[in-house]
Every structure is written in C-alpha cells, then in structure tokens.
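Participant: Structure below; questions to follow.
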Amino acid sequence: MGYRHKNLCLDTVEQLNEVVSADCPLITSDGSSSIKCTPSATDILITIDSIPTTGILKQQTYVPELISCDSAPAIADVIEVSWLVVAVWVTAWGIKKMADALKGRS
C-alpha cells in the first residue's frame with residue numbers, strides 16, 4: 001500500500017512527508033515571515049520566523065492526510081490498453097483480408 005499526494009503514489013509515509021515539505025512556501029502570503037518545513041518519518045515540522053528577525057519563532061507539526069493508493073488501477077489500465085491493441089490488430093487483419101478478396105475478384 002502507498003500514500004497518494006497530487007496523483008503520485010508514494011511507498012512510505014516518510015516519502016510522502018518529503019514531497020509535501022517540498023511544496024512548502026518560503027514566505028508567508030503577506031511577506032512578513034519565512035517558513036521552513038522539515039520532514040521526518042512521522043510528521044512535518046513547520047518553523048515560522050519573522051523576517052525582520054524580531055526573534056519570534058513559531059513551530060508547529062503537521063501530519064498530512066494519509067490517502068491510500070496502490071498499483072491495481074494501473075494494471076487494469078494496462079490490460080484495457082492491451083485489449084484495444086488486439087482490437088486494432090484484428091480490425092487491420094480484417095481490412096487486409098477484405099482488400100485481398102476484392103483484388104482477387106477484379
């Protein structure tokens with residue numbers, strides 16, 4: 001079982017935390033503080049430091065939602081595409097046989 005984030009299926013919680021941390025903005029929306037996200041095996045440590053360096057430092061942990069995913073849908077897609085390829089081959093073979101039959105009549 002894996003964990004889904006932005007249509008990616010990641011193998012471990014630690015990998016999920018690393019990917020979520022990579023999306024962490026560098027500064028707040030109003031530009032007054034810098035943000036640093038540090039992933040660990042269990043959660044993400046968010047450190048917010050005011051930009052004028054007033055010494056105000058806030059820390060908070062964040063645990064991303066663990067949405068399970070697995071590769072079963074991908075296998076089903078491969079099987080479906082394989083059957084479509086077979087259908088194209090059969091159609092092409094049928095058209096070739098009809099063309100051969102029409103050429104034989106003339």
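Convention: chains lettered A, B, ... in structure tokens order; per-chain residue numbering from 1; ligands numbered from 1 as shown.
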Quick one: pick out all alpha helix (DSSP H) residues within segment 39-95 of chain A from a backbone DSSP run and write them as a list in words.
Facilitator: Ala72, Pro73, Ala74, Ile75, Ala76, Asp77, Val78, Ile79, Glu80, Val81, Ser82, Trp83, Leu84, Val85, Val86, Ala87, Val88, Trp89, Val90, Thr91, Ala92, Trp93, Gly94 and Ile95 of chain A
Participant: What lies within 7 Å of segment 14-31 of chain A using only C-alpha atoms, ignoring chain neighbours under 6 positions off, as a PDB file with N, CA and C atoms, in the first residue's frame?
Facilitator:
```
ATOM      1  N   TYR A   3       0.828   5.855  -0.418  1.00  0.00           N
ATOM      2  CA  TYR A   3       0.117   7.049   0.028  1.00  0.00           C
ATOM      3  C   TYR A   3       0.067   8.051  -1.117  1.00  0.00           C
ATOM      4  N   CYS A  37       9.979  24.001   6.238  1.00  0.00           N
ATOM      5  CA  CYS A  37       9.317  22.732   6.520  1.00  0.00           C
ATOM      6  C   CYS A  37      10.371  21.630   6.553  1.00  0.00           C
ATOM      7  N   THR A  38      10.411  20.891   7.655  1.00  0.00           N
ATOM      8  CA  THR A  38      11.393  19.825   7.833  1.00  0.00           C
ATOM      9  C   THR A  38      10.655  18.502   7.981  1.00  0.00           C
ATOM     10  N   PRO A  39      10.815  17.595   7.001  1.00  0.00           N
ATOM     11  CA  PRO A  39      10.105  16.309   7.085  1.00  0.00           C
ATOM     12  C   PRO A  39      10.802  15.341   8.038  1.00  0.00           C
ATOM     13  N   SER A  40      10.016  14.472   8.643  1.00  0.00           N
ATOM     14  CA  SER A  40      10.552  13.365   9.440  1.00  0.00           C
ATOM     15  C   SER A  40       9.779  12.115   9.049  1.00  0.00           C
ATOM     16  N   ALA A  41      10.034  11.031   9.735  1.00  0.00           N
ATOM     17  CA  ALA A  41       9.363   9.775   9.402  1.00  0.00           C
ATOM     18  C   ALA A  41       7.881   9.799   9.759  1.00  0.00           C
ATOM     19  N   THR A  42       7.492  10.662  10.693  1.00  0.00           N
ATOM     20  CA  THR A  42       6.108  10.646  11.162  1.00  0.00           C
ATOM     21  C   THR A  42       5.315  11.910  10.849  1.00  0.00           C
ATOM     22  N   ASP A  43       6.008  13.066  10.748  1.00  0.00           N
ATOM     23  CA  ASP A  43       5.290  14.319  10.532  1.00  0.00           C
ATOM     24  C   ASP A  43       6.206  15.340   9.861  1.00  0.00           C
ATOM     25  N   ILE A  44       5.715  16.569   9.757  1.00  0.00           N
ATOM     26  CA  ILE A  44       6.485  17.671   9.179  1.00  0.00           C
ATOM     27  C   ILE A  44       6.541  18.780  10.222  1.00  0.00           C
TER      28      ILE A  44
END
```
Participant: Smallest atom-to-atom distance to Leu66 of chain A: which of A:Val13, A:Leu8, A:Met1, A:Val85, using only C-alpha atoms?
Facilitator: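 Among the listed residues, the smallest separation from Leu66 of chain A belongs to A:Val13.
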Participant: Skip Arg4 of chain A itself and residues of its chain fewer than 4 positions away, then list as a ChimeraX atom specification all residues within 7 Å of it, counting only C-alpha atoms.
Facilitator: /A:8-10,67-69
Participant: Go ahead and write the residues just picked, N, CA and C atoms, as an mmCIF file, in the first residue's frame.
Facilitator:
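The result, stored in out04.cif:
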```cif
data_model
loop_
_atom_site.group_PDB
_atom_site.id
_atom_site.type_symbol
_atom_site.label_atom_id
_atom_site.label_comp_id
_atom_site.auth_asym_id
_atom_site.auth_seq_id
_atom_site.Cartn_x
_atom_site.Cartn_y
_atom_site.Cartn_z
ATOM 1 N N LEU A 8 0.438 11.219 -7.200
ATOM 2 C CA LEU A 8 1.611 10.366 -7.030
ATOM 3 C C LEU A 8 1.273 9.324 -5.981
ATOM 4 N N CYS A 9 1.760 8.112 -6.172
ATOM 5 C CA CYS A 9 1.575 7.066 -5.172
ATOM 6 C C CYS A 9 2.947 6.797 -4.563
ATOM 7 N N LEU A 10 3.145 7.247 -3.334
ATOM 8 C CA LEU A 10 4.435 7.143 -2.662
ATOM 9 C C LEU A 10 4.435 5.931 -1.735
ATOM 10 N N ILE A 67 -3.828 9.236 2.419
ATOM 11 C CA ILE A 67 -4.784 8.703 1.450
ATOM 12 C C ILE A 67 -4.131 7.485 0.808
ATOM 13 N N SER A 68 -4.728 6.329 0.995
ATOM 14 C CA SER A 68 -4.102 5.105 0.485
ATOM 15 C C SER A 68 -4.254 4.998 -1.030
ATOM 16 N N CYS A 69 -3.273 4.350 -1.634
ATOM 17 C CA CYS A 69 -3.312 4.076 -3.069
ATOM 18 C C CYS A 69 -2.504 2.812 -3.328
#
```
Participant: Report the distance between atom CA of His5 of chain A and atom CA of Pro64 of chain A in Å, rounded to one decimal place.
Facilitator: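 Spanning atom CA of His5 of chain A to atom CA of Pro64 of chain A is a straight-line distance of 9.2 Å.
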Participant: Kindly give the distance, in Å, that separates atom CA of Glu80 of chain A and atom CA of Lys96 of chain A, rounded to a single decimal.
Facilitator: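 So the answer is 24.6 Å.
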